[in-house]
Every structure is written in C-alpha cells, then in structure tokens.
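Structure data (compact mmCIF, C-alpha atoms) from final.txt:
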```txt
# COMPACT_ATOMS: atom_id res chain seq x y z
CA MET A 1 0.00 0.00 0.00
CA ASN A 2 1.12 3.55 -0.68
CA ASN A 3 -0.33 7.02 -0.70
CA SER A 4 -1.96 6.40 -4.09
CA ASP A 5 -4.58 4.36 -2.20
CA LEU A 6 -5.55 7.40 -0.14
CA PRO A 7 -8.07 10.13 -0.91
CA ARG A 8 -6.50 13.25 -2.36
CA TRP A 9 -7.27 15.34 0.73
CA ALA A 10 -5.56 12.77 2.96
CA THR A 11 -2.42 12.78 0.83
CA ALA A 12 -2.32 16.58 0.65
CA LEU A 13 -3.28 17.37 4.26
CA LEU A 14 -3.40 14.43 6.64
CA LEU A 15 -0.06 12.80 5.77
CA PRO A 16 1.98 16.04 6.02
CA LEU A 17 0.23 16.89 9.30
CA LEU A 18 1.06 13.49 10.80
CA ASN A 19 4.66 13.78 9.60
CA LEU A 20 4.95 17.24 11.14
CA LEU A 21 3.49 16.05 14.45
CA SER A 22 5.97 13.15 14.48
CA ALA A 23 8.88 15.55 13.97
CA LEU A 24 7.58 17.81 16.75
CA LEU A 25 7.15 14.86 19.12
CA VAL A 26 10.78 13.84 18.60
CA ALA A 27 11.80 17.48 19.09
CA ALA A 28 9.75 17.59 22.31
CA LEU A 29 11.62 14.53 23.56
CA VAL A 30 14.94 16.22 22.83
CA ILE A 31 13.84 19.39 24.67
CA TYR A 32 12.76 17.23 27.62
CA LEU A 33 16.17 15.52 27.66
CA LEU A 34 17.77 18.96 27.69
CA GLY A 35 15.98 19.58 30.98
CA GLU A 36 13.16 21.85 29.82
CA ASN A 37 9.37 21.49 29.72
CA PRO A 38 8.31 20.85 26.08
CA LEU A 39 4.84 22.40 26.52
CA GLU A 40 6.23 25.52 28.15
CA SER A 41 8.85 25.79 25.43
CA LEU A 42 6.20 25.42 22.72
CA SER A 43 4.13 28.15 24.38
CA ILE A 44 7.12 30.53 24.39
CA LEU A 45 7.87 29.74 20.75
CA ILE A 46 4.29 30.33 19.56
CA ASN A 47 3.98 33.53 21.54
CA ALA A 48 7.30 34.89 20.22
CA ALA A 49 6.70 33.92 16.60
CA VAL A 50 2.95 34.32 16.04
CA LEU A 51 1.00 35.91 18.87
CA ASN A 52 3.36 38.83 19.38
CA PRO A 53 2.76 41.28 16.46
CA GLU A 54 6.42 42.22 16.12
CA GLY A 55 7.43 38.57 16.26
CA LEU A 56 4.85 37.80 13.57
CA GLY A 57 6.44 40.50 11.42
CA TYR A 58 9.79 38.74 11.67
CA THR A 59 8.18 35.36 11.00
CA LEU A 60 6.60 36.66 7.79
CA PHE A 61 9.89 38.35 6.87
CA TYR A 62 11.71 35.01 6.97
CA ALA A 63 8.79 33.33 5.22
CA SER A 64 9.07 35.76 2.29
CA THR A 65 12.44 34.28 1.30
CA PHE A 66 11.33 30.71 1.98
CA ILE A 67 8.30 31.07 -0.30
CA PHE A 68 10.58 31.87 -3.24
CA THR A 69 13.02 29.04 -2.55
CA GLY A 70 10.12 26.63 -1.90
CA LEU A 71 8.57 27.62 -5.23
CA SER A 72 11.96 27.20 -6.90
CA VAL A 73 12.23 23.58 -5.76
CA SER A 74 8.52 22.92 -6.44
CA VAL A 75 8.61 24.03 -10.09
CA ALA A 76 11.50 21.67 -10.76
CA MET A 77 9.74 18.85 -8.89
CA GLN A 78 6.67 19.26 -11.08
CA ALA A 79 8.92 18.35 -14.02
CA GLY A 80 10.39 15.38 -12.17
CA LEU A 81 13.61 17.24 -11.32
CA PHE A 82 15.20 17.59 -7.88
CA ASN A 83 16.84 21.00 -7.93
CA ILE A 84 19.18 21.15 -4.94
CA GLY A 85 20.87 24.23 -6.36
CA SER A 86 18.48 26.92 -5.12
CA GLU A 87 21.12 28.05 -2.63
CA GLY A 88 23.64 28.78 -5.37
CA GLN A 89 21.00 30.28 -7.65
CA MET A 90 19.92 32.60 -4.84
CA TYR A 91 23.57 33.56 -4.38
CA LEU A 92 23.85 34.55 -8.04
CA GLY A 93 20.52 36.38 -7.85
CA GLY A 94 22.05 38.46 -5.07
CA LEU A 95 25.02 39.21 -7.29
CA GLY A 96 22.68 40.42 -10.05
CA ILE A 97 20.92 42.74 -7.60
CA THR A 98 24.22 44.11 -6.32
CA LEU A 99 25.73 44.81 -9.73
CA VAL A 100 22.62 46.71 -10.87
CA VAL A 101 22.22 48.66 -7.64
CA LEU A 102 25.88 49.61 -7.25
CA ALA A 103 26.00 50.80 -10.85
CA LEU A 104 22.73 52.74 -10.91
CA ASP A 105 21.59 53.67 -7.39
CA ALA A 106 23.16 57.12 -7.63
CA SER A 107 21.38 58.02 -10.86
CA LEU A 108 18.01 56.24 -11.01
CA PRO A 109 14.84 56.75 -8.95
CA SER A 110 13.30 53.91 -6.97
CA TRP A 111 10.47 53.21 -9.40
CA ILE A 112 13.00 52.31 -12.11
CA LEU A 113 15.85 50.91 -10.01
CA ILE A 114 13.83 48.42 -7.96
CA PRO A 115 12.20 46.68 -10.97
CA LEU A 116 15.61 46.53 -12.71
CA ALA A 117 17.14 44.92 -9.63
CA LEU A 118 14.27 42.42 -9.41
CA LEU A 119 14.76 41.54 -13.06
CA ALA A 120 18.51 41.12 -12.56
CA SER A 121 17.99 38.76 -9.63
CA ALA A 122 15.70 36.56 -11.71
CA VAL A 123 17.98 36.62 -14.78
CA PHE A 124 21.14 35.76 -12.83
CA GLY A 125 19.38 32.97 -10.93
CA ALA A 126 17.94 31.54 -14.15
CA ALA A 127 21.32 31.73 -15.87
CA TRP A 128 22.93 29.75 -13.06
CA ALA A 129 20.23 27.05 -13.36
CA TYR A 130 20.44 26.87 -17.17
CA LEU A 131 23.52 24.69 -17.51
CA PRO A 132 22.35 21.96 -15.05
CA GLY A 133 19.00 21.94 -16.88
CA TYR A 134 20.68 21.72 -20.28
CA LEU A 135 23.02 18.93 -19.14
CA GLN A 136 20.05 16.97 -17.75
CA ALA A 137 17.97 17.43 -20.90
CA LYS A 138 20.69 16.94 -23.50
CA ARG A 139 23.40 14.84 -21.88
CA GLY A 140 21.55 12.93 -19.18
CA SER A 141 23.74 14.38 -16.39
CA HIS A 142 21.70 14.04 -13.21
CA VAL A 143 20.44 17.41 -12.05
CA VAL A 144 20.99 16.51 -8.38
CA VAL A 145 24.73 16.08 -8.95
CA THR A 146 25.18 19.15 -11.14
CA THR A 147 23.16 21.50 -8.92
CA ILE A 148 25.09 20.38 -5.81
CA MET A 149 28.33 21.09 -7.66
CA PHE A 150 27.05 24.49 -8.78
CA ASN A 151 26.30 25.42 -5.15
CA PHE A 152 29.98 25.06 -4.31
CA ILE A 153 31.05 26.87 -7.47
CA ALA A 154 28.65 29.74 -6.67
CA ALA A 155 30.02 30.07 -3.12
CA SER A 156 33.62 30.15 -4.36
CA LEU A 157 32.79 32.57 -7.17
CA MET A 158 30.99 34.95 -4.83
CA ASN A 159 33.87 34.85 -2.37
CA PHE A 160 36.28 35.82 -5.17
CA ILE A 161 34.06 38.60 -6.58
CA ILE A 162 33.33 40.18 -3.20
CA VAL A 163 36.95 40.09 -2.02
CA ALA A 164 38.47 41.15 -5.35
CA TYR A 165 35.99 43.74 -6.59
CA LEU A 166 33.21 44.72 -4.19
CA ILE A 167 34.88 45.53 -0.86
CA PRO A 168 35.24 49.32 -0.58
CA ALA A 169 38.79 50.61 -0.28
CA GLY A 170 40.08 50.58 3.29
CA GLN A 171 37.32 48.27 4.57
CA GLN A 172 37.99 44.84 6.05
CA ASN A 173 34.45 43.47 6.14
CA THR A 174 33.81 41.02 3.28
CA ALA A 175 30.81 42.90 1.94
CA SER A 176 29.86 45.49 -0.66
CA ARG A 177 29.11 49.08 0.20
CA ILE A 178 25.66 49.99 1.53
CA PHE A 179 23.03 50.40 -1.17
CA ALA A 180 21.52 53.86 -1.64
CA ASP A 181 18.05 54.44 -0.17
CA SER A 182 16.54 54.43 -3.67
CA SER A 183 17.01 50.64 -3.81
CA TRP A 184 15.43 49.88 -0.43
CA LEU A 185 12.09 48.06 -0.55
CA PRO A 186 9.19 49.80 1.23
CA LYS A 187 8.40 48.25 4.60
CA LEU A 188 4.92 47.01 5.42
CA ASN A 189 4.87 48.60 8.86
CA ALA A 190 3.96 51.82 7.09
CA VAL A 191 0.64 50.13 6.28
CA PHE A 192 0.45 47.92 9.40
CA PRO A 193 2.04 49.90 12.28
CA ILE A 194 1.16 47.11 14.71
CA LEU A 195 4.05 45.07 13.26
CA GLY A 196 6.55 47.47 14.83
CA GLU A 197 10.09 48.04 13.58
CA THR A 198 10.44 44.78 11.68
CA PRO A 199 12.15 44.32 8.29
CA LEU A 200 8.97 42.89 6.73
CA ASN A 201 8.67 44.55 3.33
CA ILE A 202 6.80 44.33 0.02
CA SER A 203 8.76 41.24 -0.99
CA PHE A 204 6.17 39.35 1.08
CA VAL A 205 3.47 40.71 -1.24
CA LEU A 206 5.60 39.70 -4.24
CA ALA A 207 5.96 36.22 -2.75
CA LEU A 208 2.18 35.89 -2.39
CA LEU A 209 1.78 37.04 -5.99
CA ALA A 210 4.32 34.43 -7.08
CA LEU A 211 2.29 31.74 -5.29
CA VAL A 212 -0.86 32.77 -7.18
CA ILE A 213 0.95 32.83 -10.55
CA TYR A 214 2.53 29.44 -9.80
CA GLY A 215 -0.85 27.89 -8.97
CA ILE A 216 -2.48 29.22 -12.13
CA ALA A 217 0.47 28.35 -14.38
CA VAL A 218 0.89 24.79 -13.10
CA TRP A 219 -2.77 23.73 -12.80
CA ARG A 220 -4.65 26.05 -15.16
CA SER A 221 -2.46 26.32 -18.28
CA ALA A 222 -1.34 24.14 -21.17
CA TRP A 223 2.27 24.69 -20.17
CA GLY A 224 1.50 23.47 -16.66
CA TYR A 225 -0.08 20.31 -18.08
CA GLN A 226 3.06 19.66 -20.13
CA LEU A 227 5.20 20.29 -17.07
CA ARG A 228 3.28 17.85 -14.88
CA ALA A 229 3.01 15.26 -17.65
CA THR A 230 6.78 15.35 -18.07
CA GLY A 231 7.23 14.88 -14.34
CA LEU A 232 4.82 11.96 -14.15
CA ASN A 233 6.04 10.02 -17.19
CA GLN A 234 8.56 11.37 -19.68
CA HIS A 235 7.97 8.56 -22.19
CA ALA A 236 4.20 9.12 -22.26
CA ALA A 237 4.71 12.88 -22.48
CA HIS A 238 7.10 12.41 -25.41
CA TYR A 239 4.59 10.26 -27.32
CA ALA A 240 1.95 12.92 -26.62
CA GLY A 241 4.09 15.40 -28.54
CA ILE A 242 5.64 17.24 -25.61
CA SER A 243 9.26 18.35 -26.04
CA ILE A 244 11.01 16.88 -23.00
CA THR A 245 14.19 18.86 -23.59
CA LYS A 246 12.39 22.18 -23.81
CA THR A 247 10.20 21.44 -20.79
CA ILE A 248 13.17 20.51 -18.60
CA VAL A 249 15.24 23.52 -19.61
CA VAL A 250 12.34 25.96 -19.16
CA ALA A 251 11.45 24.42 -15.79
CA MET A 252 15.02 24.87 -14.58
CA LEU A 253 15.16 28.44 -15.87
CA ILE A 254 11.98 29.32 -13.96
CA SER A 255 13.22 27.43 -10.91
CA GLY A 256 16.49 29.38 -10.95
CA ALA A 257 14.69 32.69 -11.49
CA LEU A 258 12.51 32.08 -8.43
CA ALA A 259 15.56 31.18 -6.34
CA GLY A 260 17.25 34.36 -7.54
CA LEU A 261 14.23 36.39 -6.45
CA GLY A 262 14.70 34.91 -2.98
CA ALA A 263 17.68 37.25 -2.58
CA VAL A 264 15.49 40.35 -2.91
CA ASN A 265 14.01 40.12 0.59
CA SER A 266 17.36 39.95 2.32
CA LEU A 267 19.46 42.35 0.26
CA MET A 268 16.92 45.03 -0.71
CA GLY A 269 14.60 44.66 2.25
CA SER A 270 16.93 44.17 5.20
CA THR A 271 20.76 44.28 5.07
CA HIS A 272 21.03 46.60 2.02
CA TYR A 273 24.43 45.23 1.02
CA LEU A 274 25.90 42.00 -0.35
CA ASN A 275 27.86 39.88 2.11
CA LEU A 276 29.25 36.38 2.20
CA ASN A 277 26.82 33.54 2.98
CA PHE A 278 23.76 35.79 2.90
CA PRO A 279 21.44 32.94 1.73
CA ALA A 280 22.04 31.32 5.15
CA GLY A 281 20.66 27.96 4.03
CA ALA A 282 17.39 29.34 2.64
CA GLY A 283 17.85 27.35 -0.57
CA PHE A 284 18.06 24.09 1.35
CA ILE A 285 15.09 25.02 3.54
CA GLY A 286 13.20 25.44 0.25
CA ILE A 287 13.58 21.68 -0.30
CA ALA A 288 11.84 20.94 2.99
CA ILE A 289 9.11 23.48 2.20
CA ALA A 290 8.43 21.95 -1.23
CA LEU A 291 8.28 18.43 0.25
CA MET A 292 6.12 19.38 3.21
CA GLY A 293 3.87 21.63 1.16
CA ARG A 294 3.36 18.93 -1.50
CA GLN A 295 4.26 21.52 -4.18
CA HIS A 296 0.88 23.20 -3.61
CA PRO A 297 0.66 27.00 -3.19
CA ILE A 298 -1.21 26.85 0.11
CA GLY A 299 1.09 24.13 1.42
CA ILE A 300 4.17 26.14 0.42
CA LEU A 301 2.80 29.24 2.17
CA LEU A 302 1.99 27.40 5.40
CA SER A 303 5.32 25.53 5.39
CA SER A 304 7.22 28.78 4.83
CA ILE A 305 5.44 30.43 7.76
CA LEU A 306 6.21 27.37 9.91
CA PHE A 307 9.93 27.56 9.17
CA GLY A 308 9.88 31.32 9.66
CA ALA A 309 8.22 30.77 13.04
CA LEU A 310 10.86 28.19 14.01
CA ILE A 311 13.62 30.70 13.32
CA GLN A 312 11.97 33.65 15.06
CA GLY A 313 10.48 31.69 17.96
CA GLY A 314 13.61 29.59 18.33
CA PHE A 315 15.76 32.68 18.76
CA ASP A 316 13.58 34.01 21.59
CA LEU A 317 13.26 30.57 23.16
CA SER A 318 17.04 30.10 23.26
CA LEU A 319 17.31 33.45 25.07
CA GLU A 320 14.71 32.50 27.68
CA LYS A 321 15.86 28.89 28.00
CA PRO A 322 19.68 28.75 27.97
CA ASN A 323 19.56 24.94 28.13
CA ILE A 324 18.10 24.96 24.59
CA PRO A 325 20.85 26.10 22.21
CA PRO A 326 19.96 27.78 18.88
CA GLU A 327 21.33 24.73 17.05
CA THR A 328 18.36 22.76 18.38
CA PHE A 329 16.14 24.41 15.78
CA ILE A 330 18.43 23.38 12.95
CA PHE A 331 17.95 19.87 14.32
CA ILE A 332 14.16 20.37 14.30
CA GLN A 333 14.32 21.56 10.69
CA GLY A 334 16.25 18.39 9.90
CA LEU A 335 13.57 16.29 11.61
CA ILE A 336 10.87 17.94 9.51
CA ILE A 337 12.86 17.24 6.35
CA LEU A 338 13.34 13.63 7.47
CA PHE A 339 9.67 12.95 8.24
CA CYS A 340 8.22 14.97 5.36
CA GLY A 341 10.84 13.84 2.85
CA SER A 342 12.40 10.40 3.06
CA MET A 343 9.72 9.12 5.48
CA GLU A 344 6.74 10.90 3.91
CA ASN A 345 4.81 7.64 3.43
CA LEU A 346 5.45 6.33 6.94
CA TYR A 347 1.76 6.48 7.85
CA ALA A 348 0.37 5.71 4.40
CA PRO A 349 -0.18 1.94 4.94
CA ALA A 350 -2.02 2.46 8.23
CA LEU A 351 -4.19 5.26 6.80
CA SER A 352 -4.92 3.24 3.69
CA ALA A 353 -6.03 0.31 5.81
CA CYS A 354 -8.27 2.60 7.88
CA PHE A 355 -9.93 4.04 4.77
CA LYS A 356 -10.46 0.54 3.33
CA VAL A 357 -12.10 -0.63 6.56
CA LYS A 358 -14.31 2.45 6.54
CA SER A 359 -15.33 1.97 2.89
CA THR A 360 -16.07 -1.74 3.50
CA PHE A 361 -18.18 -0.91 6.56
CA THR A 362 -20.07 1.76 4.60
CA ALA A 363 -20.73 -0.67 1.71
CA ARG A 364 -22.05 -3.37 4.05
CA LYS A 365 -24.25 -0.89 5.86
CA SER A 366 -25.77 0.31 2.58
CA ASP A 367 -26.43 -3.31 1.55
CA VAL A 368 -28.36 -3.90 4.78
```

Spit out the file's structure as structure tokens when you get a sec.
Amino acid sequence: MNNSDLPRWATALLLPLLNLLSALLVAALVIYLLGENPLESLSILINAAVLNPEGLGYTLFYASTFIFTGLSVSVAMQAGLFNIGSEGQMYLGGLGITLVVLALDASLPSWILIPLALLASAVFGAAWAYLPGYLQAKRGSHVVVTTIMFNFIAASLMNFIIVAYLIPAGQQNTASRIFADSSWLPKLNAVFPILGETPLNISFVLALLALVIYGIAVWRSAWGYQLRATGLNQHAAHYAGISITKTIVVAMLISGALAGLGAVNSLMGSTHYLNLNFPAGAGFIGIAIALMGRQHPIGILLSSILFGALIQGGFDLSLEKPNIPPETFIFIQGLIILFCGSMENLYAPALSACFKVKSTFTARKSDV
C-alpha cells in the first residue's frame, strides 16, 4: 500500500500533518532531555513567533524568502527534477541585484531601479540554473549532482568577486558598500504599524503574488499540463508530442529565477548590502518546504510560515531557556525534512487500511 490508495485530501493534508506532528514529538523529547518542559517551550515559541505582532512580522519576513526558494524547488519537482541548487541560484541572484544597484543607485529613482534589480535577480538565478538543466535534458547528467556542484562553485565565485571587486577601499568586512536608499524596498509597517520596527517589506506581497501565478500556471495552463506530464512520465509525455528537452530547460530556468528572487528580501529589504553567505541555508530550507507543502501554493505558504516561526520563535526561546541552544532548531528543521521527505509515506499503509475498513463498513451498511 502507498499514498496512491488514499483520498487526495488525505495525501495533501493528513499525511503532512502526521509527519509534522511526528517531527515535533521527537523534538519535544529532545527538549525534555535537555531539561526543559516541552509544553512551556512550545508556548514561548508560539507567543514569540505568532501571537506577538512584532514577532509575527519577523516570522513573515523570513517566510518571504522561503516562499521563493520553496517555489523554486517545487517548479523543478513538477517536471520530475530535484533542484538542490536553489542556494547557489539565490547567491547569483544576489550578485545580479548588487551589480545593478551599485551601478545605478546614484542616478536612477526607486520606481525604475527596484524593478531593474528584481529583473537582474531573476535573470542571474535563471542563468545559473540553465547549464544543469541543459546537461540533464541533452546529456543525461543528473540534475541533483550538477546542482550540488554548482552550489559550491557559486560560493567560491561569490567569495572571489566580493573580495576582489566589491569591498570598498580601506574596509575589512567582506561585503559590498551599503546600497543607496533608492534601492530599499518599502516596509509594510507603514501600512500595518502594529508590526513594529520589523524588516517585513513588500517582498512578502511579491511572494504571495508568485504563489498565485505558480498555482495558475501549473494547474490552469497548457504549459502546466506539459510540465506535470513530463514529471509523471517522460515517455508518455514524449509520445503525446511534448518536447522533454524544452520542458526541462524551461522548468530549470523558472526554478532558478525564483531562487534568484529569494535574494530580494534579504538584500533590498533588510541588510542593504551583499555579504558572504547571505542565503544562510534558505535554498536548502526550500527543499523541505516543497516536500512538506506537496508543491501546492497553500502548502508552500503554510510551510514557509512554519519555518519562519521556528527561526523567530527559536531565537527568543534560546534566550529564555539557555539549556536549549539555537542549534536545536536546525535539528528540528532536519527532523521535519526527514519525516516529510524520506519518510513521507510512513503512515500511508495504516491510513490506507483505515480508509479501506471504513469503505467496507459503509458498503455493508448500505447493503443492509
């Protein structure tokens, strides 16, 4: 038995929920072994990340980036590809933003500069995803291997570019100069003052728009049908007249562009300069979000908010509970990836058996 025996709602909602609860139960056990009360710790985390308005602002700020990286991985998954290179593609997207802003922020107004920077982030991210997509489509090189390699190449390349060209004269910090105010994204606390002085900005609105476009494109367009058909069965899609090569390359280009856009929130909405390691693992968290969210827009949104809450609430919890180090929440993220990824069908046989018993009982009752 597998999850194909289950109703669609159970596969999309019940299985991920059970997997998440399993991960949280293991995390609760770890917190207990660290000498803290799991329920009290959960209460502190929820209050810090969701119930407190300022904490919610930070949670949504982190979620803005995760939505883009989750969408990046999800688009590739729809085509049957496992893009592990969102981290590197986000890195290159940040480079595109920086080159445009540093060159033009002294001469262009915000209404021109910001769209140009957004476009550059998408183009640079897509360009970095193109070669792995081409090698997969044309040469059969597995996209998992090539995208992992490109992550390391991106990190080394960025280190060289920042150190050699972007550090201002006389400065020791491995970062570019501060961007001019004309490139800063408007913050949402101007509209929602209750959020306080948080870095939440309009990239969250852009992320929500990307979710809507993704949902329409994948499930309500001819291109989306071709994408999903390729992911389900390449041979059948080929005999149906779908160009497998074109579909794979385009899927990777869009996946890379979305990962590149993930850099916008951090660079243009918060730090306002390019520094080493700014993705901070967001590309890899996107994998967990795509798996847990089942590549569905609503699932991606909720998963992104969950991971944002873990980061924000975990920070406050580690301050209030010194016995719980910040690294604990990296461990919890790993548990979620484990249960929602490699063990996603752990409960499928039991659920399938329950639904079969229920359907048999219902059939017998109707016969009587």

query = Which of these residues is nearest to A:Ala353, using all atoms listed in the file: A:Leu81, A:Pro16, A:Ile167, A:Leu6?
reply = A:Leu6

Neighbouring residues of stretch 146-148 of chain A were defined as those with any atom within 7 Å, considering only C-alpha atoms; residues of the same chain fewer than 3 positions away were excluded. Please report them as a CSV table (one decimal) with C-alpha atoms, in the frame of the given file.
```csv
chain,number,residue,atom,x,y,z
A,83,ASN,CA,16.8,21.0,-7.9
A,84,ILE,CA,19.2,21.2,-4.9
A,85,GLY,CA,20.9,24.2,-6.4
A,132,PRO,CA,22.4,22.0,-15.0
A,142,HIS,CA,21.7,14.0,-13.2
A,143,VAL,CA,20.4,17.4,-12.0
A,151,ASN,CA,26.3,25.4,-5.2
A,152,PHE,CA,30.0,25.1,-4.3
```

task = Considering all atoms listed in the file, return as a PyMOL selection string whatever protein or nucleic-acid residues lie within 7 Å of A:Ala290, sequence-local ones (same chain, fewer than 3 positions apart) excluded.
result = chain A and resi 70-71+73-74+286-287+293-295+300

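Separating atom CA of A:Gly140 from atom CA of A:Ser243 is a distance of 15.1 Å.
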
message = Report as a list in words all protein, DNA and RNA residues lying within 8 Å of A:Leu166, evaluated on all atoms listed in the file, omitting residues in the same chain fewer than 2 positions from it.
response =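 Returned residues: Ile161, Ile162, Val163, Ala164, Pro168, Ala175, Ser176 and Arg177 of chain A.
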
ask   = In Å to one decimal, how far is atom CA of A:Gly93 from atom CA of A:Tyr58?
value =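 The value is 22.4 Å.
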
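The residue that comes closest to A:Asp181, out of A:Val101, A:Leu335, A:Leu14, A:Ala222 and on the basis of all atoms listed in the file, is A:Val101.
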
ask   = What is the atom CA of A:Thr245-atom CA of A:Glu87 distance in Å, reported with one decimal?
value = 23.9 Å

ask   = Leaving out stretch 212-220 of chain A and any residue of its chain fewer than 4 positions from it, which residues lie within 9 Å of it when counting all atoms listed in the file, given as a ChimeraX atom specification?
value = /A:71,75,78,207-208,224-228,296-297

Padding 4 Å on every side, please: axis-aligned box over the listed atoms of stretch 64-72 of chain A, centre and edge lengths to one decimal in Å, as JSON.
```
{"center_x": 10.7, "center_y": 31.2, "center_z": -2.3, "size_x": 12.7, "size_y": 17.1, "size_z": 17.2}
```

query = Which of these residues is nearest to A:Leu253, using all atoms listed in the file: A:Phe355, A:Tyr273, A:Trp184, A:Trp128?
reply =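 Closest residue, counting all atoms listed in the file: A:Trp128.
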
Can you list every residue of stretch 38-73 of chain A that has an atom at most 10 Å from stretch 187-194 of chain A, with its nearest atom pair and the distance in Å to one decimal, using all atoms listed in the file, ordered by chain then number, as JSON lines?
```
{"residue": "A:Asn52", "atom": "CA", "partner": "A:Ile194", "partner_atom": "CA", "distance": 9.8}
{"residue": "A:Pro53", "atom": "CA", "partner": "A:Ile194", "partner_atom": "CA", "distance": 6.3}
{"residue": "A:Glu54", "atom": "CA", "partner": "A:Ile194", "partner_atom": "CA", "distance": 7.3}
{"residue": "A:Gly57", "atom": "CA", "partner": "A:Asn189", "partner_atom": "CA", "distance": 8.6}
```

ask   = Of the residues A:Val250, A:Ala49, A:Leu18, A:Ala210, which is the one nearest to A:Tyr62, using all atoms listed in the file?
value = A:Ala49

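The set of protein, DNA and RNA residues with any counted atom at most 10 Å from (23.0, 29.9, -14.0) (all atoms listed in the file) reads Gly85, Gly88, Gln89, Leu92, Gly93, Val123, Phe124, Gly125, Ala126, Ala127, Trp128, Ala129, Tyr130, Leu131, Pro132, Gly133, Thr147, Phe150, Ala154, Met252, Leu253, Gly256, Ala257 and Gly260 of chain A.
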
note = From the list A:Ser41, A:Ser22, A:Ser255, A:Asn277, the nearest residue to A:Pro322 using all atoms listed in the file is A:Ser41
